[in-house]
file coords.cif (mmCIF, N, CA and C atoms)
data_upload
#
loop_
_atom_site.group_PDB
_atom_site.id
_atom_site.type_symbol
_atom_site.label_atom_id
_atom_site.label_comp_id
_atom_site.auth_asym_id
_atom_site.auth_seq_id
_atom_site.Cartn_x
_atom_site.Cartn_y
_atom_site.Cartn_z
ATOM 1 N N MET A 19 -11.836 -11.897 -12.934
ATOM 2 C CA MET A 19 -11.023 -10.889 -12.293
ATOM 3 C C MET A 19 -10.308 -11.499 -11.085
ATOM 4 N N PRO A 20 -9.181 -10.905 -10.705
ATOM 5 C CA PRO A 20 -8.450 -11.416 -9.547
ATOM 6 C C PRO A 20 -9.243 -11.222 -8.253
ATOM 7 N N SER A 21 -8.907 -12.032 -7.264
ATOM 8 C CA SER A 21 -9.523 -11.836 -5.950
ATOM 9 C C SER A 21 -8.880 -10.646 -5.245
ATOM 10 N N ARG A 22 -9.593 -10.150 -4.267
ATOM 11 C CA ARG A 22 -9.164 -8.991 -3.484
ATOM 12 C C ARG A 22 -7.924 -9.356 -2.655
ATOM 13 N N PRO A 23 -6.833 -8.575 -2.756
ATOM 14 C CA PRO A 23 -5.655 -8.847 -1.928
ATOM 15 C C PRO A 23 -5.947 -8.588 -0.446
ATOM 16 N N LEU A 24 -5.128 -9.180 0.412
ATOM 17 C CA LEU A 24 -5.239 -8.919 1.837
ATOM 18 C C LEU A 24 -4.780 -7.502 2.150
ATOM 19 N N THR A 25 -5.146 -7.013 3.311
ATOM 20 C CA THR A 25 -4.753 -5.685 3.767
ATOM 21 C C THR A 25 -3.229 -5.570 3.810
ATOM 22 N N PRO A 26 -2.647 -4.456 3.332
ATOM 23 C CA PRO A 26 -1.201 -4.266 3.484
ATOM 24 C C PRO A 26 -0.809 -4.404 4.959
ATOM 25 N N GLN A 27 0.404 -4.864 5.202
ATOM 26 C CA GLN A 27 0.883 -5.089 6.560
ATOM 27 C C GLN A 27 2.014 -4.122 6.896
ATOM 28 N N TYR A 28 2.009 -3.667 8.135
ATOM 29 C CA TYR A 28 3.084 -2.802 8.631
ATOM 30 C C TYR A 28 4.335 -3.635 8.866
ATOM 31 N N ILE A 29 5.480 -3.157 8.371
ATOM 32 C CA ILE A 29 6.766 -3.806 8.659
ATOM 33 C C ILE A 29 7.602 -2.919 9.565
ATOM 34 N N GLN A 30 7.817 -1.664 9.173
ATOM 35 C CA GLN A 30 8.580 -0.741 10.011
ATOM 36 C C GLN A 30 8.348 0.690 9.544
ATOM 37 N N SER A 31 8.744 1.633 10.381
ATOM 38 C CA SER A 31 8.634 3.048 10.005
ATOM 39 C C SER A 31 9.705 3.850 10.724
ATOM 40 N N ASN A 32 9.941 5.036 10.199
ATOM 41 C CA ASN A 32 10.788 6.014 10.876
ATOM 42 C C ASN A 32 10.223 7.391 10.556
ATOM 43 N N ALA A 33 10.963 8.428 10.835
ATOM 44 C CA ALA A 33 10.443 9.786 10.668
ATOM 45 C C ALA A 33 10.208 10.172 9.207
ATOM 46 N N THR A 34 10.764 9.400 8.266
ATOM 47 C CA THR A 34 10.630 9.773 6.855
ATOM 48 C C THR A 34 10.092 8.668 5.953
ATOM 49 N N SER A 35 9.757 7.501 6.518
ATOM 50 C CA SER A 35 9.286 6.425 5.647
ATOM 51 C C SER A 35 8.456 5.390 6.398
ATOM 52 N N ILE A 36 7.695 4.628 5.615
ATOM 53 C CA ILE A 36 6.924 3.491 6.126
ATOM 54 C C ILE A 36 7.174 2.327 5.166
ATOM 55 N N THR A 37 7.509 1.162 5.717
ATOM 56 C CA THR A 37 7.690 -0.029 4.894
ATOM 57 C C THR A 37 6.475 -0.927 5.073
ATOM 58 N N LEU A 38 5.904 -1.341 3.941
ATOM 59 C CA LEU A 38 4.697 -2.166 3.917
ATOM 60 C C LEU A 38 5.001 -3.547 3.351
ATOM 61 N N GLY A 39 4.317 -4.552 3.871
ATOM 62 C CA GLY A 39 4.336 -5.885 3.296
ATOM 63 C C GLY A 39 3.036 -6.085 2.536
ATOM 64 N N LEU A 40 3.124 -6.634 1.341
ATOM 65 C CA LEU A 40 1.961 -6.811 0.481
ATOM 66 C C LEU A 40 1.786 -8.291 0.184
ATOM 67 N N THR A 41 0.534 -8.749 0.122
ATOM 68 C CA THR A 41 0.232 -10.159 -0.108
ATOM 69 C C THR A 41 -0.455 -10.323 -1.449
ATOM 70 N N GLN A 42 -0.042 -11.325 -2.206
ATOM 71 C CA GLN A 42 -0.662 -11.591 -3.496
ATOM 72 C C GLN A 42 -2.108 -12.032 -3.311
ATOM 73 N N SER A 43 -2.899 -11.818 -4.348
ATOM 74 C CA SER A 43 -4.288 -12.291 -4.346
ATOM 75 C C SER A 43 -4.307 -13.814 -4.295
ATOM 76 N N ASP A 44 -5.337 -14.389 -3.649
ATOM 77 C CA ASP A 44 -5.480 -15.845 -3.589
ATOM 78 C C ASP A 44 -5.787 -16.449 -4.954
ATOM 79 N N SER A 45 -6.492 -15.703 -5.802
ATOM 80 C CA SER A 45 -6.897 -16.210 -7.108
ATOM 81 C C SER A 45 -6.615 -15.162 -8.170
ATOM 82 N N ASP A 46 -6.108 -15.627 -9.317
ATOM 83 C CA ASP A 46 -5.864 -14.696 -10.423
ATOM 84 C C ASP A 46 -7.080 -14.539 -11.331
ATOM 85 N N GLY A 47 -8.164 -15.280 -11.041
ATOM 86 C CA GLY A 47 -9.393 -15.167 -11.831
ATOM 87 C C GLY A 47 -9.302 -15.789 -13.212
ATOM 88 N N GLY A 48 -8.314 -16.637 -13.442
ATOM 89 C CA GLY A 48 -8.202 -17.328 -14.722
ATOM 90 C C GLY A 48 -7.121 -16.804 -15.647
ATOM 91 N N LEU A 49 -6.570 -15.644 -15.347
ATOM 92 C CA LEU A 49 -5.450 -15.091 -16.115
ATOM 93 C C LEU A 49 -4.403 -14.573 -15.137
ATOM 94 N N LEU A 50 -3.145 -14.635 -15.532
ATOM 95 C CA LEU A 50 -2.080 -14.153 -14.657
ATOM 96 C C LEU A 50 -2.300 -12.701 -14.256
ATOM 97 N N ILE A 51 -2.005 -12.402 -13.019
ATOM 98 C CA ILE A 51 -2.041 -11.015 -12.549
ATOM 99 C C ILE A 51 -0.841 -10.301 -13.144
ATOM 100 N N THR A 52 -1.096 -9.183 -13.797
ATOM 101 C CA THR A 52 -0.015 -8.441 -14.449
ATOM 102 C C THR A 52 0.689 -7.495 -13.490
ATOM 103 N N HIS A 53 -0.062 -6.926 -12.558
ATOM 104 C CA HIS A 53 0.546 -6.012 -11.589
ATOM 105 C C HIS A 53 -0.450 -5.680 -10.479
ATOM 106 N N TYR A 54 0.058 -4.988 -9.482
ATOM 107 C CA TYR A 54 -0.756 -4.493 -8.371
ATOM 108 C C TYR A 54 -0.668 -2.974 -8.357
ATOM 109 N N VAL A 55 -1.703 -2.343 -7.855
ATOM 110 C CA VAL A 55 -1.737 -0.887 -7.718
ATOM 111 C C VAL A 55 -1.824 -0.577 -6.225
ATOM 112 N N LEU A 56 -0.890 0.224 -5.736
ATOM 113 C CA LEU A 56 -0.839 0.622 -4.327
ATOM 114 C C LEU A 56 -1.222 2.086 -4.236
ATOM 115 N N GLN A 57 -2.163 2.393 -3.340
ATOM 116 C CA GLN A 57 -2.613 3.776 -3.174
ATOM 117 C C GLN A 57 -2.472 4.233 -1.731
ATOM 118 N N VAL A 58 -2.422 5.551 -1.573
ATOM 119 C CA VAL A 58 -2.337 6.193 -0.265
ATOM 120 C C VAL A 58 -3.350 7.333 -0.208
ATOM 121 N N SER A 59 -3.857 7.594 0.995
ATOM 122 C CA SER A 59 -4.760 8.713 1.236
ATOM 123 C C SER A 59 -4.505 9.232 2.644
ATOM 124 N N GLN A 60 -4.679 10.526 2.837
ATOM 125 C CA GLN A 60 -4.645 11.042 4.199
ATOM 126 C C GLN A 60 -5.767 10.374 4.978
ATOM 127 N N LEU A 61 -5.569 10.195 6.266
ATOM 128 C CA LEU A 61 -6.512 9.433 7.078
ATOM 129 C C LEU A 61 -7.919 10.019 7.059
ATOM 130 N N VAL A 62 -8.051 11.316 7.195
ATOM 131 C CA VAL A 62 -9.382 11.918 7.335
ATOM 132 C C VAL A 62 -9.952 12.478 6.033
ATOM 133 N N VAL A 63 -9.233 12.305 4.935
ATOM 134 C CA VAL A 63 -9.675 12.834 3.643
ATOM 135 C C VAL A 63 -9.719 11.671 2.649
ATOM 136 N N ASN A 64 -10.704 11.651 1.794
ATOM 137 C CA ASN A 64 -10.819 10.592 0.798
ATOM 138 C C ASN A 64 -10.164 11.051 -0.503
ATOM 139 N N ASP A 65 -8.825 11.163 -0.477
ATOM 140 C CA ASP A 65 -8.069 11.687 -1.620
ATOM 141 C C ASP A 65 -7.058 10.654 -2.119
ATOM 142 N N TRP A 66 -7.528 9.472 -2.462
ATOM 143 C CA TRP A 66 -6.644 8.378 -2.859
ATOM 144 C C TRP A 66 -5.806 8.758 -4.067
ATOM 145 N N ARG A 67 -4.516 8.402 -4.012
ATOM 146 C CA ARG A 67 -3.618 8.606 -5.153
ATOM 147 C C ARG A 67 -2.658 7.422 -5.241
ATOM 148 N N GLU A 68 -2.273 7.109 -6.462
ATOM 149 C CA GLU A 68 -1.367 5.985 -6.683
ATOM 150 C C GLU A 68 0.036 6.319 -6.193
ATOM 151 N N ILE A 69 0.675 5.345 -5.595
ATOM 152 C CA ILE A 69 2.073 5.489 -5.182
ATOM 153 C C ILE A 69 2.925 5.104 -6.390
ATOM 154 N N VAL A 70 3.422 6.110 -7.094
ATOM 155 C CA VAL A 70 4.105 5.858 -8.359
ATOM 156 C C VAL A 70 5.484 5.229 -8.169
ATOM 157 N N SER A 71 6.050 5.300 -6.974
ATOM 158 C CA SER A 71 7.351 4.664 -6.737
ATOM 159 C C SER A 71 7.227 3.141 -6.617
ATOM 160 N N TYR A 72 6.008 2.631 -6.450
ATOM 161 C CA TYR A 72 5.791 1.178 -6.350
ATOM 162 C C TYR A 72 5.882 0.550 -7.733
ATOM 163 N N ASP A 73 6.648 -0.549 -7.856
ATOM 164 C CA ASP A 73 6.872 -1.173 -9.164
ATOM 165 C C ASP A 73 5.748 -2.099 -9.616
ATOM 166 N N GLY A 74 4.754 -2.338 -8.776
ATOM 167 C CA GLY A 74 3.605 -3.136 -9.167
ATOM 168 C C GLY A 74 3.751 -4.626 -8.955
ATOM 169 N N VAL A 75 4.933 -5.093 -8.544
ATOM 170 C CA VAL A 75 5.137 -6.533 -8.366
ATOM 171 C C VAL A 75 5.793 -6.915 -7.045
ATOM 172 N N SER A 76 6.536 -6.032 -6.437
ATOM 173 C CA SER A 76 7.244 -6.347 -5.188
ATOM 174 C C SER A 76 6.270 -6.586 -4.049
ATOM 175 N N LEU A 77 6.635 -7.483 -3.135
ATOM 176 C CA LEU A 77 5.789 -7.767 -1.978
ATOM 177 C C LEU A 77 6.200 -6.978 -0.750
ATOM 178 N N ILE A 78 7.263 -6.184 -0.864
ATOM 179 C CA ILE A 78 7.663 -5.239 0.179
ATOM 180 C C ILE A 78 7.942 -3.918 -0.514
ATOM 181 N N HIS A 79 7.402 -2.845 0.044
ATOM 182 C CA HIS A 79 7.646 -1.525 -0.544
ATOM 183 C C HIS A 79 7.752 -0.480 0.558
ATOM 184 N N THR A 80 8.704 0.431 0.385
ATOM 185 C CA THR A 80 8.884 1.536 1.328
ATOM 186 C C THR A 80 8.399 2.825 0.677
ATOM 187 N N VAL A 81 7.428 3.466 1.311
ATOM 188 C CA VAL A 81 6.954 4.772 0.861
ATOM 189 C C VAL A 81 7.678 5.823 1.694
ATOM 190 N N THR A 82 8.052 6.930 1.049
ATOM 191 C CA THR A 82 8.895 7.911 1.729
ATOM 192 C C THR A 82 8.371 9.336 1.582
ATOM 193 N N VAL A 83 8.842 10.167 2.478
ATOM 194 C CA VAL A 83 8.551 11.598 2.422
ATOM 195 C C VAL A 83 9.095 12.163 1.114
ATOM 196 N N GLN A 84 10.316 11.781 0.757
ATOM 197 C CA GLN A 84 10.980 12.331 -0.428
ATOM 198 C C GLN A 84 10.361 11.845 -1.736
ATOM 199 N N ASN A 85 10.142 10.534 -1.891
ATOM 200 C CA ASN A 85 9.688 9.986 -3.176
ATOM 201 C C ASN A 85 8.183 10.001 -3.378
ATOM 202 N N ASP A 86 7.423 9.997 -2.283
ATOM 203 C CA ASP A 86 5.977 9.812 -2.396
ATOM 204 C C ASP A 86 5.157 10.958 -1.819
ATOM 205 N N ALA A 87 5.822 12.071 -1.532
ATOM 206 C CA ALA A 87 5.166 13.291 -1.041
ATOM 207 C C ALA A 87 4.376 13.062 0.247
ATOM 208 N N LEU A 88 4.885 12.165 1.105
ATOM 209 C CA LEU A 88 4.280 12.014 2.430
ATOM 210 C C LEU A 88 4.801 13.119 3.334
ATOM 211 N N VAL A 89 4.089 13.405 4.398
ATOM 212 C CA VAL A 89 4.473 14.436 5.354
ATOM 213 C C VAL A 89 4.726 13.761 6.695
ATOM 214 N N ALA A 90 5.866 14.060 7.299
ATOM 215 C CA ALA A 90 6.205 13.476 8.601
ATOM 216 C C ALA A 90 5.114 13.787 9.618
ATOM 217 N N ASN A 91 4.818 12.803 10.459
ATOM 218 C CA ASN A 91 3.814 12.881 11.524
ATOM 219 C C ASN A 91 2.382 12.988 11.014
ATOM 220 N N GLN A 92 2.173 12.768 9.739
ATOM 221 C CA GLN A 92 0.827 12.760 9.148
ATOM 222 C C GLN A 92 0.300 11.329 9.139
ATOM 223 N N LYS A 93 -1.001 11.168 9.360
ATOM 224 C CA LYS A 93 -1.631 9.844 9.333
ATOM 225 C C LYS A 93 -2.145 9.549 7.933
ATOM 226 N N TYR A 94 -1.877 8.314 7.465
ATOM 227 C CA TYR A 94 -2.254 7.893 6.119
ATOM 228 C C TYR A 94 -2.952 6.543 6.144
ATOM 229 N N ARG A 95 -3.707 6.267 5.071
ATOM 230 C CA ARG A 95 -4.295 4.946 4.834
ATOM 231 C C ARG A 95 -3.688 4.398 3.546
ATOM 232 N N PHE A 96 -3.496 3.075 3.520
ATOM 233 C CA PHE A 96 -2.929 2.406 2.358
ATOM 234 C C PHE A 96 -3.867 1.282 1.925
ATOM 235 N N ARG A 97 -3.942 1.038 0.607
ATOM 236 C CA ARG A 97 -4.732 -0.065 0.069
ATOM 237 C C ARG A 97 -4.082 -0.541 -1.225
ATOM 238 N N ILE A 98 -4.464 -1.759 -1.665
ATOM 239 C CA ILE A 98 -3.871 -2.348 -2.856
ATOM 240 C C ILE A 98 -4.950 -3.121 -3.630
ATOM 241 N N LYS A 99 -4.769 -3.211 -4.951
ATOM 242 C CA LYS A 99 -5.643 -4.052 -5.779
ATOM 243 C C LYS A 99 -4.789 -4.773 -6.809
ATOM 244 N N ALA A 100 -5.316 -5.902 -7.292
ATOM 245 C CA ALA A 100 -4.652 -6.703 -8.316
ATOM 246 C C ALA A 100 -5.275 -6.411 -9.674
ATOM 247 N N VAL A 101 -4.460 -6.516 -10.732
ATOM 248 C CA VAL A 101 -4.932 -6.227 -12.082
ATOM 249 C C VAL A 101 -4.470 -7.344 -13.028
ATOM 250 N N ASN A 102 -5.387 -7.799 -13.887
ATOM 251 C CA ASN A 102 -5.026 -8.692 -14.991
ATOM 252 C C ASN A 102 -5.832 -8.267 -16.227
ATOM 253 N N ALA A 103 -5.759 -9.064 -17.305
ATOM 254 C CA ALA A 103 -6.437 -8.691 -18.553
ATOM 255 C C ALA A 103 -7.956 -8.645 -18.409
ATOM 256 N N TYR A 104 -8.524 -9.338 -17.407
ATOM 257 C CA TYR A 104 -9.965 -9.305 -17.169
ATOM 258 C C TYR A 104 -10.411 -8.038 -16.447
ATOM 259 N N GLY A 105 -9.477 -7.384 -15.748
ATOM 260 C CA GLY A 105 -9.834 -6.186 -14.993
ATOM 261 C C GLY A 105 -9.136 -6.148 -13.654
ATOM 262 N N SER A 106 -9.705 -5.388 -12.741
ATOM 263 C CA SER A 106 -9.114 -5.173 -11.421
ATOM 264 C C SER A 106 -9.931 -5.848 -10.332
ATOM 265 N N SER A 107 -9.235 -6.272 -9.297
ATOM 266 C CA SER A 107 -9.915 -6.796 -8.109
ATOM 267 C C SER A 107 -10.543 -5.637 -7.345
ATOM 268 N N GLN A 108 -11.280 -5.973 -6.316
ATOM 269 C CA GLN A 108 -11.721 -4.951 -5.376
ATOM 270 C C GLN A 108 -10.497 -4.488 -4.593
ATOM 271 N N TRP A 109 -10.584 -3.282 -4.044
ATOM 272 C CA TRP A 109 -9.505 -2.792 -3.195
ATOM 273 C C TRP A 109 -9.445 -3.617 -1.917
ATOM 274 N N SER A 110 -8.244 -3.785 -1.398
ATOM 275 C CA SER A 110 -8.074 -4.428 -0.098
ATOM 276 C C SER A 110 -8.678 -3.538 0.984
ATOM 277 N N SER A 111 -8.799 -4.080 2.164
ATOM 278 C CA SER A 111 -9.110 -3.239 3.314
ATOM 279 C C SER A 111 -7.928 -2.294 3.519
ATOM 280 N N THR A 112 -8.140 -1.227 4.255
ATOM 281 C CA THR A 112 -7.086 -0.231 4.421
ATOM 282 C C THR A 112 -6.282 -0.456 5.697
ATOM 283 N N LEU A 113 -5.049 -0.016 5.639
ATOM 284 C CA LEU A 113 -4.142 -0.008 6.784
ATOM 285 C C LEU A 113 -3.843 1.448 7.104
ATOM 286 N N ALA A 114 -4.057 1.870 8.337
ATOM 287 C CA ALA A 114 -3.798 3.260 8.739
ATOM 288 C C ALA A 114 -2.495 3.321 9.536
ATOM 289 N N LEU A 115 -1.615 4.248 9.160
ATOM 290 C CA LEU A 115 -0.312 4.414 9.806
ATOM 291 C C LEU A 115 0.090 5.877 9.818
ATOM 292 N N THR A 116 1.039 6.207 10.681
ATOM 293 C CA THR A 116 1.614 7.542 10.748
ATOM 294 C C THR A 116 3.084 7.474 10.352
ATOM 295 N N VAL A 117 3.538 8.444 9.571
ATOM 296 C CA VAL A 117 4.958 8.521 9.221
ATOM 297 C C VAL A 117 5.682 9.060 10.455
ATOM 298 N N ALA A 118 6.246 8.155 11.246
ATOM 299 C CA ALA A 118 6.935 8.536 12.474
ATOM 300 C C ALA A 118 7.738 7.355 13.006
ATOM 301 N N SER A 119 8.768 7.673 13.762
ATOM 302 C CA SER A 119 9.529 6.623 14.429
ATOM 303 C C SER A 119 8.716 6.079 15.575
ATOM 304 N N LEU A 120 8.902 4.794 15.875
ATOM 305 C CA LEU A 120 8.271 4.226 17.059
ATOM 306 C C LEU A 120 8.986 4.759 18.294
ATOM 307 N N PRO A 121 8.278 4.938 19.393
ATOM 308 C CA PRO A 121 8.942 5.422 20.620
ATOM 309 C C PRO A 121 9.967 4.412 21.120
ATOM 310 N N SER A 122 10.976 4.916 21.787
ATOM 311 C CA SER A 122 12.004 4.047 22.369
ATOM 312 C C SER A 122 11.429 3.273 23.546
ATOM 313 N N ALA A 123 11.989 2.106 23.793
ATOM 314 C CA ALA A 123 11.568 1.307 24.949
ATOM 315 C C ALA A 123 11.975 2.026 26.229
ATOM 316 N N PRO A 124 11.166 1.909 27.282
ATOM 317 C CA PRO A 124 11.504 2.610 28.541
ATOM 318 C C PRO A 124 12.756 2.033 29.188
#
call {"tool": "encode", "arguments": {"input": "coords.cif", "output": "structure tokens"}}
result
Amino acid sequence: MPSRPLTPQYIQSNATSITLGLTQSDSDGGLLITHYVLQVSQLVVNDWREIVSYDGVSLIHTVTVQNDALVANQKYRFRIKAVNAYGSSQWSSTLALTVASLPSAP
């Protein structure tokens, strides 16, 4: 099976979207990785669901209020796993973020 991917990384956000950077697994476990699965959950609830707008191969992905049913100013956790013919890796550690613009510089 593939190795566990690294934690998704924050790239940018605004009031309606969050852009994540994703890192490939260090090892494919002997067979090519066919795709990755990206999930989201509300911060305080364990309700993980797949982000269907993610194509499974891109290393940068933007999740949005419109396409992914996120709610502005809501806190979310993100995680990713790798998949090949042998099975799935363990889930990455989670990244917690809020769908919101960063405050302006003083």
call {"tool": "residues_around", "arguments": {"input": "coords.cif", "residues": "Pro20 (chain A)", "least_positions_apart": "3", "cutoff": "12 Å", "atoms": "only C-alpha atoms", "output": "VMD selection string"}}
result
chain A and resid 23 42 to 54 99 to 110
call {"tool": "atom_distance", "arguments": {"input": "coords.cif", "atom1": "CA of Tyr72 (chain A)", "atom2": "CA of Lys93 (chain A)"}}
result
19.4 Å
call {"tool": "resolve_selection", "arguments": {"input": "coords.cif", "expression": "the PyMOL selection byres ((chain A and resi 74-86) around 5)", "output": "VMD selection string"}}
result
chain A and resid 34 to 40 53 to 54 72 to 73 87 to 88
call {"tool": "residues_around", "arguments": {"input": "coords.cif", "residues": "Ser59 (chain A)", "least_positions_apart": "3", "cutoff": "12 Å", "atoms": "only C-alpha atoms", "output": "list in words"}}
result
Leu56, Val62, Val63, Asn64, Asp65, Trp66, Arg67, Glu68, Ile69, Asp86, Ala87, Leu88, Val89, Gln92, Lys93, Tyr94, Arg95, Phe96, Arg97, Ile98, Thr112, Leu113, Ala114, Leu115 and Thr116 of chain A
call {"tool": "atom_distance", "arguments": {"input": "coords.cif", "atom1": "atom N of Ser31 (chain A)", "atom2": "atom N of Ser111 (chain A)"}}
result
20.2 Å
call {"tool": "atom_distance", "arguments": {"input": "coords.cif", "atom1": "CA of Ala90 (chain A)", "atom2": "CA of Thr25 (chain A)"}}
result
22.6 Å
call {"tool": "select_by_dssp", "arguments": {"input": "coords.cif", "residues": "region 39-117 of chain A", "states": "strand (DSSP E)", "output": "VMD selection string"}}
result
chain A and resid 39 53 to 60 67 to 68 78 to 82 93 to 102 105 to 106 113 to 116
call {"tool": "closest_residue", "arguments": {"input": "coords.cif", "among": "A:Ser71, A:Gln60, A:Asn91, A:Thr41", "to": "Ala118 (chain A)", "atoms": "only C-alpha atoms"}}
result
A:Asn91
